[in-house]
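**Q** Data: query_7.cif, mmCIF, C-alpha atoms.
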```
data_model
#
loop_
_atom_site.label_atom_id
_atom_site.label_comp_id
_atom_site.auth_asym_id
_atom_site.auth_seq_id
_atom_site.Cartn_x
_atom_site.Cartn_y
_atom_site.Cartn_z
CA MET A 455 -13.91 -28.02 21.78
CA ALA A 456 -13.49 -24.40 22.78
CA ALA A 457 -9.72 -24.97 23.03
CA GLY A 458 -9.69 -26.39 19.48
CA ILE A 459 -11.56 -23.36 18.14
CA LEU A 460 -9.14 -21.07 19.96
CA ARG A 461 -6.14 -22.82 18.43
CA GLN A 462 -7.63 -22.52 14.96
CA LEU A 463 -8.32 -18.83 15.55
CA MET A 464 -4.71 -18.29 16.67
CA LEU A 465 -3.45 -20.05 13.54
CA VAL A 466 -5.62 -17.81 11.35
CA ILE A 467 -4.28 -14.72 13.13
CA LEU A 468 -0.69 -15.96 12.77
CA LEU A 469 -1.16 -16.61 9.04
CA ALA A 470 -2.60 -13.12 8.62
CA ILE A 471 0.45 -11.63 10.33
CA ILE A 472 2.77 -13.65 8.08
CA ILE A 473 0.91 -12.54 4.97
CA ASP A 474 0.69 -8.87 5.96
CA ILE A 475 4.24 -8.45 7.29
CA GLY A 476 6.44 -11.43 6.47
CA LEU A 477 5.62 -11.93 2.81
CA PRO A 478 6.66 -8.48 1.59
CA ILE A 479 10.05 -9.12 3.22
CA ALA A 480 10.81 -12.52 1.73
CA ALA A 481 8.36 -13.41 -1.02
CA GLN A 482 7.38 -10.34 -3.04
CA GLN A 483 7.48 -11.15 -6.75
CA LYS A 484 8.01 -7.97 -8.75
CA GLY A 485 7.88 -7.28 -12.44
CA GLN A 486 10.89 -7.08 -14.74
CA TYR A 487 10.86 -3.35 -15.50
CA LEU A 488 12.82 -1.01 -13.22
CA PRO A 489 11.31 2.52 -13.30
CA GLY A 490 13.46 5.56 -14.04
CA GLN A 491 14.54 4.76 -17.61
CA PHE A 492 12.34 7.25 -19.48
CA GLU A 493 10.73 10.58 -18.36
CA LEU A 494 11.90 13.62 -20.40
CA ASN A 495 11.74 13.10 -24.18
CA SER A 496 9.95 9.79 -23.63
CA GLY A 497 8.21 10.10 -27.00
CA VAL A 498 11.40 10.88 -28.94
CA THR A 499 12.95 8.08 -31.01
CA PRO A 500 16.31 8.16 -32.82
CA GLU A 501 16.63 9.40 -36.36
CA PRO A 502 17.11 6.69 -39.04
CA GLY A 503 20.39 4.91 -38.45
CA PHE A 504 22.17 3.01 -35.68
CA THR A 505 21.91 4.17 -32.07
CA TYR A 506 23.91 3.10 -29.04
CA ALA A 507 22.87 4.16 -25.54
CA ASN A 508 24.36 3.37 -22.17
CA LEU A 509 22.26 3.58 -19.01
CA SER A 510 23.59 3.14 -15.48
CA ILE A 511 20.82 2.92 -12.90
CA ASN A 512 20.97 2.49 -9.14
CA TYR A 513 18.07 1.74 -6.82
CA PHE A 514 18.83 1.99 -3.09
CA ALA A 515 16.40 1.31 -0.23
CA ASP A 516 16.62 0.74 3.51
CA THR A 517 12.91 1.01 4.31
CA LEU A 518 10.30 -1.73 3.99
CA LYS A 519 6.58 -1.07 3.61
CA ASP A 520 3.69 -3.45 4.28
CA GLY A 521 0.55 -3.83 2.18
CA SER A 522 -0.97 -0.72 3.76
CA GLY A 523 2.06 1.47 3.20
CA HIS A 524 3.23 1.40 6.83
CA THR A 525 6.92 1.00 7.68
CA VAL A 526 7.90 -2.51 8.80
CA PRO A 527 10.91 -3.00 11.11
CA ALA A 528 13.69 -4.48 8.98
CA ILE A 529 17.47 -4.69 8.94
CA GLY A 530 19.75 -4.24 5.95
CA THR A 531 19.62 -2.45 2.63
CA TYR A 532 18.69 -3.22 -0.96
CA ASN A 533 21.25 -1.69 -3.34
CA LEU A 534 20.75 -2.67 -6.99
CA TRP A 535 23.05 -1.51 -9.79
CA GLY A 536 22.31 -2.12 -13.45
CA ILE A 537 24.39 -1.12 -16.48
CA GLU A 538 22.46 -1.43 -19.73
CA ASN A 539 23.88 -1.48 -23.25
CA VAL A 540 21.11 -0.48 -25.66
CA PHE A 541 21.21 -0.89 -29.45
CA PHE A 542 18.59 0.38 -31.89
CA TYR A 543 18.33 0.23 -35.67
CA LYS A 544 15.86 2.46 -37.48
CA PRO A 545 15.66 1.98 -41.25
CA ASN A 546 14.73 4.92 -43.43
CA PHE A 547 11.33 3.74 -44.61
CA GLU A 548 7.75 4.11 -43.41
CA ALA A 549 5.04 1.69 -42.28
CA LEU A 550 1.50 2.72 -41.36
CA GLY A 551 2.54 6.34 -41.75
CA GLY A 552 5.38 6.03 -39.24
CA LYS A 553 8.94 4.77 -38.91
CA MET A 554 9.83 1.24 -37.81
CA MET A 555 12.57 0.49 -35.30
CA PHE A 556 14.21 -2.62 -33.82
CA GLY A 557 16.11 -2.80 -30.55
CA ILE A 558 17.89 -5.00 -28.03
CA ILE A 559 19.26 -4.40 -24.54
CA ALA A 560 22.23 -6.72 -24.02
CA PRO A 561 24.42 -7.29 -22.24
CA THR A 562 23.07 -5.82 -19.02
CA PHE A 563 25.33 -6.11 -16.02
CA ALA A 564 23.72 -6.14 -12.56
CA ASN A 565 24.58 -7.06 -8.99
CA GLY A 566 21.15 -8.48 -8.17
CA SER A 567 17.67 -9.22 -9.46
CA VAL A 568 15.14 -6.46 -10.01
CA THR A 569 12.33 -8.95 -9.29
CA GLU A 570 13.54 -9.97 -5.82
CA GLU A 571 13.71 -7.04 -3.38
CA THR A 572 15.09 -8.56 -0.17
CA LEU A 573 16.82 -6.34 2.36
CA GLY A 574 20.32 -7.45 3.30
CA LEU A 575 20.57 -10.47 0.99
CA GLN A 576 22.76 -9.44 -1.93
CA ALA A 577 25.91 -11.47 -2.19
CA GLY A 578 26.38 -12.44 -5.81
CA GLY A 579 28.52 -9.64 -7.23
CA PHE A 580 28.00 -8.45 -10.80
CA GLY A 581 26.72 -10.80 -13.49
CA ILE A 582 24.88 -10.72 -16.80
CA ALA A 583 21.15 -10.15 -16.40
CA ASP A 584 18.21 -11.03 -18.65
CA ILE A 585 18.05 -9.93 -22.30
CA PHE A 586 15.36 -7.52 -23.50
CA VAL A 587 14.36 -7.61 -27.18
CA GLN A 588 12.14 -4.99 -28.81
CA PRO A 589 11.34 -6.48 -32.22
CA LEU A 590 8.72 -3.95 -33.27
CA THR A 591 8.39 -0.21 -32.71
CA LEU A 592 6.33 2.25 -34.73
CA SER A 593 6.96 5.97 -34.28
CA TRP A 594 5.33 9.11 -35.64
CA LYS A 595 6.60 12.70 -35.76
CA LEU A 596 3.74 15.17 -35.68
CA ASP A 597 3.86 18.95 -35.76
CA ARG A 598 3.56 19.31 -31.99
CA ALA A 599 4.20 15.78 -30.73
CA ASP A 600 6.38 12.69 -31.05
CA VAL A 601 4.65 9.34 -30.40
CA TRP A 602 5.68 5.68 -30.49
CA VAL A 603 4.25 2.28 -29.56
CA ALA A 604 6.19 -0.96 -29.17
CA ASP A 605 6.12 -4.54 -28.03
CA GLY A 606 9.09 -6.26 -26.41
CA PHE A 607 9.93 -9.36 -24.44
CA VAL A 608 12.33 -10.41 -21.69
CA ALA A 609 14.27 -13.66 -22.13
CA PRO A 610 15.32 -15.15 -18.75
CA THR A 611 19.00 -15.58 -19.61
CA GLY A 612 20.36 -14.21 -16.32
CA ARG A 613 21.49 -16.46 -13.47
CA TYR A 614 18.54 -17.77 -11.48
CA THR A 615 18.20 -20.61 -8.95
CA PRO A 616 15.06 -21.00 -6.80
CA GLY A 617 15.79 -19.87 -3.25
CA ALA A 618 19.26 -18.47 -4.02
CA THR A 619 20.36 -15.13 -2.58
CA ASP A 620 22.62 -14.21 -5.51
CA ASN A 621 20.17 -14.28 -8.43
CA ILE A 622 20.76 -11.84 -11.28
CA GLY A 623 17.94 -12.86 -13.63
CA SER A 624 14.21 -13.07 -13.07
CA GLY A 625 13.72 -16.76 -13.88
CA TYR A 626 10.71 -16.20 -16.16
CA TRP A 627 9.71 -14.88 -19.57
CA GLY A 628 7.91 -11.56 -19.81
CA ASN A 629 6.18 -9.39 -22.39
CA GLN A 630 5.91 -5.60 -22.34
CA VAL A 631 3.53 -3.38 -24.33
CA MET A 632 4.91 0.15 -24.27
CA SER A 633 4.18 3.66 -25.50
CA GLY A 634 5.94 7.02 -25.38
CA THR A 635 4.56 10.51 -25.99
CA THR A 636 6.19 13.93 -26.02
CA VAL A 637 3.88 16.91 -26.54
CA TYR A 638 5.51 20.26 -27.34
CA ILE A 639 3.65 22.93 -25.41
CA THR A 640 5.38 25.87 -27.06
CA ARG A 641 5.64 26.42 -30.80
CA ASN A 642 9.45 26.39 -30.74
CA ARG A 643 9.35 22.93 -29.07
CA GLY A 644 11.28 24.17 -26.06
CA THR A 645 8.71 23.21 -23.41
CA SER A 646 7.42 19.65 -23.39
CA ALA A 647 5.12 17.29 -21.48
CA ASN A 648 6.11 13.62 -21.59
CA LEU A 649 4.50 10.28 -20.76
CA PHE A 650 5.78 6.70 -20.99
CA THR A 651 3.66 3.62 -20.21
CA ASP A 652 4.58 -0.05 -19.83
CA TRP A 653 2.18 -2.97 -19.30
CA GLU A 654 3.94 -6.19 -18.26
CA GLN A 655 2.66 -9.75 -18.54
CA HIS A 656 4.72 -12.49 -16.91
CA GLY A 657 5.40 -16.18 -17.36
CA SER A 658 5.93 -18.83 -14.70
CA LYS A 659 9.06 -19.30 -12.57
CA GLU A 660 10.21 -22.12 -10.31
CA THR A 661 10.16 -21.26 -6.61
CA THR A 662 11.44 -24.62 -5.31
CA THR A 663 13.56 -27.42 -6.76
CA GLY A 664 13.12 -31.17 -6.62
CA PRO A 665 11.09 -33.86 -8.38
CA ASN A 666 7.90 -31.79 -8.03
CA PRO A 667 8.99 -28.14 -8.00
CA SER A 668 6.58 -25.35 -7.09
CA HIS A 669 5.83 -22.61 -9.60
CA LEU A 670 4.70 -19.01 -9.33
CA THR A 671 3.43 -16.56 -11.94
CA PRO A 672 3.89 -12.90 -10.92
CA GLY A 673 0.91 -10.61 -11.44
CA GLN A 674 0.82 -8.07 -14.24
CA THR A 675 2.44 -4.67 -13.68
CA PHE A 676 1.65 -1.20 -15.04
CA THR A 677 4.28 1.54 -14.99
CA MET A 678 3.84 5.21 -15.86
CA GLU A 679 6.75 7.65 -16.15
CA TRP A 680 6.22 11.35 -16.77
CA GLY A 681 8.12 14.62 -17.03
CA ILE A 682 7.72 18.32 -17.79
CA GLY A 683 10.88 19.80 -19.31
CA GLN A 684 12.33 23.05 -20.61
CA VAL A 685 15.15 23.41 -23.13
CA LEU A 686 17.60 26.31 -22.69
CA PRO A 687 19.93 27.06 -25.65
CA LEU A 688 23.55 27.58 -24.59
CA ASP A 689 24.54 29.25 -27.87
CA LYS A 690 22.81 31.20 -30.62
CA GLN A 691 23.21 28.38 -33.16
CA PHE A 692 21.37 25.84 -30.92
CA HIS A 693 24.41 23.56 -31.10
CA LYS A 694 24.45 23.12 -27.33
CA LEU A 695 21.29 22.69 -25.30
CA LEU A 696 20.56 22.30 -21.61
CA GLN A 697 17.27 20.65 -20.69
CA ALA A 698 15.88 20.44 -17.16
CA GLY A 699 12.59 19.31 -15.74
CA VAL A 700 10.47 17.75 -13.05
CA ILE A 701 9.98 13.99 -13.50
CA GLY A 702 8.33 11.09 -11.72
CA TYR A 703 7.10 7.53 -11.94
CA ASP A 704 4.24 5.42 -10.64
CA GLN A 705 4.18 1.62 -10.70
CA TRP A 706 1.36 -0.71 -9.68
CA GLN A 707 0.77 -4.44 -9.59
CA VAL A 708 -2.59 -4.79 -11.33
CA SER A 709 -3.37 -8.53 -11.15
CA SER A 710 -2.88 -11.25 -8.56
CA ASN A 711 0.05 -13.64 -8.37
CA SER A 712 -0.70 -17.33 -8.85
CA GLY A 713 1.02 -20.51 -7.71
CA LEU A 714 3.10 -21.03 -4.56
CA THR A 715 5.88 -19.02 -2.92
CA SER A 716 9.15 -20.65 -1.89
CA SER A 717 7.72 -21.11 1.62
CA GLY A 718 4.74 -23.05 0.22
CA LEU A 719 2.13 -20.36 0.87
CA PRO A 720 -0.34 -19.27 -1.85
CA ALA A 721 1.26 -16.52 -3.92
CA SER A 722 -2.15 -14.88 -4.31
CA ALA A 723 -1.99 -13.98 -0.60
CA VAL A 724 0.95 -11.63 -1.16
CA PRO A 725 -0.35 -8.00 -1.13
CA PHE A 726 -0.25 -6.01 -4.37
CA TYR A 727 2.80 -3.72 -4.50
CA SER A 728 3.13 -0.13 -5.73
CA SER A 729 5.69 2.68 -5.72
CA HIS A 730 5.65 6.41 -6.50
CA ALA A 731 8.50 8.87 -7.01
CA ILE A 732 9.08 12.48 -8.02
CA GLY A 733 12.41 14.15 -8.77
CA PHE A 734 14.37 16.00 -11.45
CA GLN A 735 16.30 15.39 -14.65
CA THR A 736 18.97 17.38 -16.51
CA ASN A 737 20.15 16.75 -20.08
CA PHE A 738 23.13 18.14 -21.98
CA ILE A 739 22.37 17.84 -25.70
CA LEU A 740 24.54 18.32 -28.79
CA PRO A 741 22.09 18.06 -31.74
CA PRO A 742 24.68 18.43 -34.57
CA LYS A 743 26.66 15.51 -33.11
CA ASN A 744 23.56 13.41 -32.27
CA LEU A 745 24.73 13.19 -28.65
CA ASN A 746 22.67 13.32 -25.46
CA PHE A 747 23.86 13.01 -21.84
CA TYR A 748 21.51 12.91 -18.87
CA PHE A 749 21.20 12.58 -15.09
CA LYS A 750 18.10 11.69 -13.04
CA PHE A 751 17.31 11.65 -9.33
CA LEU A 752 14.01 10.11 -8.20
CA PRO A 753 13.28 9.68 -4.47
CA GLU A 754 10.16 7.62 -3.75
CA TYR A 755 7.54 9.28 -1.54
CA ALA A 756 5.23 6.26 -1.16
CA ALA A 757 5.26 2.47 -1.55
CA LYS A 758 3.19 -0.57 -0.57
CA ALA A 759 4.22 -4.20 -0.02
CA ARG A 760 7.82 -3.59 -1.09
CA VAL A 761 10.92 -1.58 -0.25
CA GLN A 762 10.91 2.21 -0.57
CA GLY A 763 14.03 4.10 -1.66
CA ARG A 764 15.42 6.27 -4.43
CA THR A 765 16.58 5.90 -8.03
CA ILE A 766 19.61 7.51 -9.68
CA ALA A 767 20.15 7.10 -13.43
CA PHE A 768 22.73 8.56 -15.79
CA GLY A 769 24.11 7.85 -19.23
CA GLY A 770 24.18 8.98 -22.83
CA SER A 771 23.38 8.07 -26.41
CA TYR A 772 24.83 8.50 -29.89
CA THR A 773 23.12 8.01 -33.26
CA PHE A 774 24.98 7.31 -36.50
CA ARG A 775 22.44 8.70 -38.93
CA ILE A 776 21.66 7.31 -42.39
CA PRO A 777 22.10 9.49 -44.37
CA LYS A 778 23.93 12.06 -42.25
CA PRO A 779 22.12 15.37 -42.85
CA LYS A 780 23.67 18.77 -43.39
CA ALA A 781 23.32 21.24 -40.55
CA PRO A 782 20.14 23.29 -41.19
CA PRO A 783 20.18 27.08 -40.88
CA SER A 784 19.03 28.52 -37.56
CA THR A 785 15.27 29.19 -37.47
CA GLY A 786 14.78 30.05 -33.79
CA ARG A 787 13.18 26.64 -33.29
CA ILE A 788 14.70 23.98 -31.04
CA PRO A 789 16.29 21.32 -33.29
CA GLU A 790 15.45 17.64 -33.07
CA ILE A 791 16.61 16.26 -29.72
CA PRO A 792 18.49 12.94 -29.87
CA ALA A 793 16.76 10.09 -28.09
CA GLU A 794 18.12 8.90 -24.74
#
```
Would you kindly transcribe this structure into structure tokens?

**A**
Amino acid sequence: MAAGILRQLMLVILLAIIIDIGLPIAAQQKGQYLPGQFELNSGVTPEPGFTYANLSINYFADTLKDGSGHTVPAIGTYNLWGIENVFFYKPNFEALGGKMMFGIIAPTFANGSVTEETLGLQAGGFGIADIFVQPLTLSWKLDRADVWVADGFVAPTGRYTPGATDNIGSGYWGNQVMSGTTVYITRNRGTSANLFTDWEQHGSKETTTGPNPSHLTPGQTFTMEWGIGQVLPLDKQFHKLLQAGVIGYDQWQVSSNSGLTSSGLPASAVPFYSSHAIGFQTNFILPPKNLNFYFKFLPEYAAKARVQGRTIAFGGSYTFRIPKPKAPPSTGRIPEIPAE
């Protein structure tokens, strides 16, 4: 009898080890939003018209953290590239005192899935990832702040097969409730504090195939991106602007997974993940031409139950305004900054 109790105790200990160390390596189910896409000017939306933006983002990691934030011995790297094509249309009319806007991110090209962070198992090459649709955005321009709120959803159109090592898509639907705020600290709008938030809710995905496949629903995720920036005019007419600032992001899993992992273990046993980064951003802005180019570097300083690495993002945006305004006379005030 004592031997039976001992065996059961050893099984419990072994399961605890698998949950605390093994699951973050092979079975972590992340959300669909990759941090590092906002920060400076996160409350700024395009002027009325059509906007195209291109974002290239790279997340690289070679360190794995357990549920307590301790480094776990692991081999390999996680090196995700994503190239987003972003389209927005903002009509020139108001609703609820603000402007409406509609957007879509497609196609997005990626070499892996943002929801499956597995060291050393990326072999699929580039493919088309999921589509993001933002059917409703409301934005307001105040005297010392720009603010917007939006709702969007992810359609699982990217390649996904349960258990595959070359997935590009997430395999499940998702919804994101977002907000962006830019507060102008100085009267000339040159110094700003910025905050972006994203609350994700997720649908169910298949984790095994067969007549009776297993399913898993990833827990909800909350992401916060922030930045403090300063604009420096490069000419007296404010036609060329340089913006630089300190930026960062924080992401947390805020509710438990449900269902079963691909190994058949309860998904609720997987530890909640989190990540935190701080870095810098520089923008080169041409207000008369409605152009904005940017570069971001965000090394993570802490993470739990996931990989820990760094994010690099760069790209630009152009807005074809309706109607195209005449250049205003110089007033000593920073002109409207094009959205990223």

**Q** Once the PyMOL selection byres ((chain A and resi 755) around 8) has been applied to the shown file, what residues remain in the selection, as a PDB file with C-alpha atoms, in the coordinates of the input?

**A**
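result-v6.pdb written:
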```pdb
ATOM      1  CA  HIS A 730       5.650   6.410  -6.500  1.00  0.00           C
ATOM      2  CA  ALA A 731       8.500   8.870  -7.010  1.00  0.00           C
ATOM      3  CA  ILE A 732       9.080  12.480  -8.020  1.00  0.00           C
ATOM      4  CA  PRO A 753      13.280   9.680  -4.470  1.00  0.00           C
ATOM      5  CA  GLU A 754      10.160   7.620  -3.750  1.00  0.00           C
ATOM      6  CA  ALA A 756       5.230   6.260  -1.160  1.00  0.00           C
ATOM      7  CA  ALA A 757       5.260   2.470  -1.550  1.00  0.00           C
ATOM      8  CA  GLN A 762      10.910   2.210  -0.570  1.00  0.00           C
TER       9      GLN A 762
END
```

**Q** Using the chain letters and numbers from the file, give me the residues hit by the PyMOL selection byres ((chain A and resi 652-666) around 9), as a PyMOL selection string.

**A** chain A and resi 485-487+615-617+624-633+650-651+667-679+712-718

**Q** Written as a list in words, which residues does the PyMOL selection byres ((chain A and resi 538) around 7) give for the file shown?

**A**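 Applied to this file, the PyMOL selection byres ((chain A and resi 538) around 7) returns Asn508, Leu509, Ser510, Gly536, Ile537, Asn539, Val540, Ile559, Ala560, Pro561, Thr562 and Phe563 of chain A.
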
**Q** Could you pull the residues within 9 Å of Gly769 of chain A, counting all atoms listed in the file, minus those fewer than 5 positions along the same chain, as a list of chain:residue names?

**A**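 Returned residues: A:Ala507, A:Asn508, A:Leu509, A:Ser510, A:Ile511, A:Asn746, A:Phe747, A:Tyr748, A:Phe749, A:Glu794.
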
**Q** Give one line per residue of segment 653-741 of chain A that approaches segment 517-522 of chain A to at most 12 Å, naming the two atoms of the closest pair and their distance in Å to one decimal, counting only C-alpha atoms; sort by chain then ascending residue number and deliver it as a Markdown table.

**A**
```
| residue | atom | partner | partner_atom | distance |
| --- | --- | --- | --- | --- |
| A:Gln707 | CA | A:Gly521 | CA | 11.8 |
| A:Ala723 | CA | A:Gly521 | CA | 10.8 |
| A:Val724 | CA | A:Gly521 | CA | 8.5 |
| A:Pro725 | CA | A:Gly521 | CA | 5.4 |
| A:Phe726 | CA | A:Gly521 | CA | 6.9 |
| A:Tyr727 | CA | A:Gly521 | CA | 7.0 |
| A:Ser728 | CA | A:Gly521 | CA | 9.1 |
| A:Ser729 | CA | A:Lys519 | CA | 10.1 |
```

**Q** Give as a list of chain:residue names every residue, naming chains and numbers as the document does, that has an atom within 8 Å of (11.7, 11.4, -11.7), counting all atoms listed in the file.

**A**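 Counting all atoms listed in the file, I find these residues within 8 Å of (11.7, 11.4, -11.7): A:Gly490, A:Glu493, A:Glu679, A:Trp680, A:Gly681, A:Val700, A:Ile701, A:Gly702, A:Tyr703, A:Ala731, A:Ile732, A:Gly733, A:Phe734, A:Gln735, A:Lys750, A:Phe751, A:Leu752, A:Pro753.
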
**Q** Work out how far apart atom CA of Asp600 of chain A and atom CA of Tyr638 of chain A are and give it in Å to one decimal.

**A** 8.5 Å

**Q** Figure out the distance between atom CA of Ala767 of chain A and atom CA of Ala528 of chain A, please, to one decimal in Å.

**A** 26.0 Å

**Q** With only C-alpha atoms as the basis for distance, which of A:Asn546, A:Thr505, A:Asn621, A:Asn737 is at the shortest distance from Tyr772 of chain A?

**A**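 Of all the options, A:Thr505 lies closest to Tyr772 of chain A.
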
**Q** Could you check which of A:Leu745, A:Leu649, A:Ile558, A:Ile582 is closest to Val608 of chain A, using only C-alpha atoms?

**A**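 For Val608 of chain A, the nearest of the candidates is A:Ile558.
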
**Q** Provide the atom CA of Ala564 of chain A to atom CA of Gln705 of chain A distance in Å, to one decimal place.

**A** 21.1 Å

**Q** As a PDB file with C-alpha atoms, in the frame of the given file, please: the residues near Gly551 of chain A (cut-off 9 Å, only C-alpha atoms, same-chain neighbours under 5 positions excluded).

**A**
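Result file is out_25.pdb:
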```pdb
ATOM      1  CA  LEU A 592       6.330   2.250 -34.730  1.00  0.00           C
ATOM      2  CA  SER A 593       6.960   5.970 -34.280  1.00  0.00           C
ATOM      3  CA  TRP A 594       5.330   9.110 -35.640  1.00  0.00           C
TER       4      TRP A 594
END
```

**Q** Which is closer to Gly683 of chain A than all the others in A:Arg641, A:Asn565, A:Ala698, A:Asp597, using only C-alpha atoms?

**A**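 With only C-alpha atoms as the atom set, the closest residue is A:Ala698.
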
**Q** Within 12 Å of (14.0, 7.6, -38.0) in the file's own coordinates, which protein, DNA or RNA residues have an atom, counting only C-alpha atoms? List them as a PyMOL selection string.

**A** chain A and resi 498-505+542-549+552-556+591-595+600+602+773-778+790+792-793

**Q** Output C-alpha atoms for every residue in that selection, as a CSV table (one decimal), in the coordinates of the input.

**A**
```csv
chain,number,residue,atom,x,y,z
A,498,VAL,CA,11.4,10.9,-28.9
A,499,THR,CA,13.0,8.1,-31.0
A,500,PRO,CA,16.3,8.2,-32.8
A,501,GLU,CA,16.6,9.4,-36.4
A,502,PRO,CA,17.1,6.7,-39.0
A,503,GLY,CA,20.4,4.9,-38.4
A,504,PHE,CA,22.2,3.0,-35.7
A,505,THR,CA,21.9,4.2,-32.1
A,542,PHE,CA,18.6,0.4,-31.9
A,543,TYR,CA,18.3,0.2,-35.7
A,544,LYS,CA,15.9,2.5,-37.5
A,545,PRO,CA,15.7,2.0,-41.2
A,546,ASN,CA,14.7,4.9,-43.4
A,547,PHE,CA,11.3,3.7,-44.6
A,548,GLU,CA,7.8,4.1,-43.4
A,549,ALA,CA,5.0,1.7,-42.3
A,552,GLY,CA,5.4,6.0,-39.2
A,553,LYS,CA,8.9,4.8,-38.9
A,554,MET,CA,9.8,1.2,-37.8
A,555,MET,CA,12.6,0.5,-35.3
A,556,PHE,CA,14.2,-2.6,-33.8
A,591,THR,CA,8.4,-0.2,-32.7
A,592,LEU,CA,6.3,2.2,-34.7
A,593,SER,CA,7.0,6.0,-34.3
A,594,TRP,CA,5.3,9.1,-35.6
A,595,LYS,CA,6.6,12.7,-35.8
A,600,ASP,CA,6.4,12.7,-31.0
A,602,TRP,CA,5.7,5.7,-30.5
A,773,THR,CA,23.1,8.0,-33.3
A,774,PHE,CA,25.0,7.3,-36.5
A,775,ARG,CA,22.4,8.7,-38.9
A,776,ILE,CA,21.7,7.3,-42.4
A,777,PRO,CA,22.1,9.5,-44.4
A,778,LYS,CA,23.9,12.1,-42.2
A,790,GLU,CA,15.4,17.6,-33.1
A,792,PRO,CA,18.5,12.9,-29.9
A,793,ALA,CA,16.8,10.1,-28.1
```

**Q** Pick out the closest residue to Ala647 of chain A from this set: A:Ala583, A:Leu494, A:Leu488, A:Val601. Count only C-alpha atoms.

**A**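 Of A:Ala583, A:Leu494, A:Leu488, A:Val601, the one nearest Ala647 of chain A, counting only C-alpha atoms, is A:Leu494.
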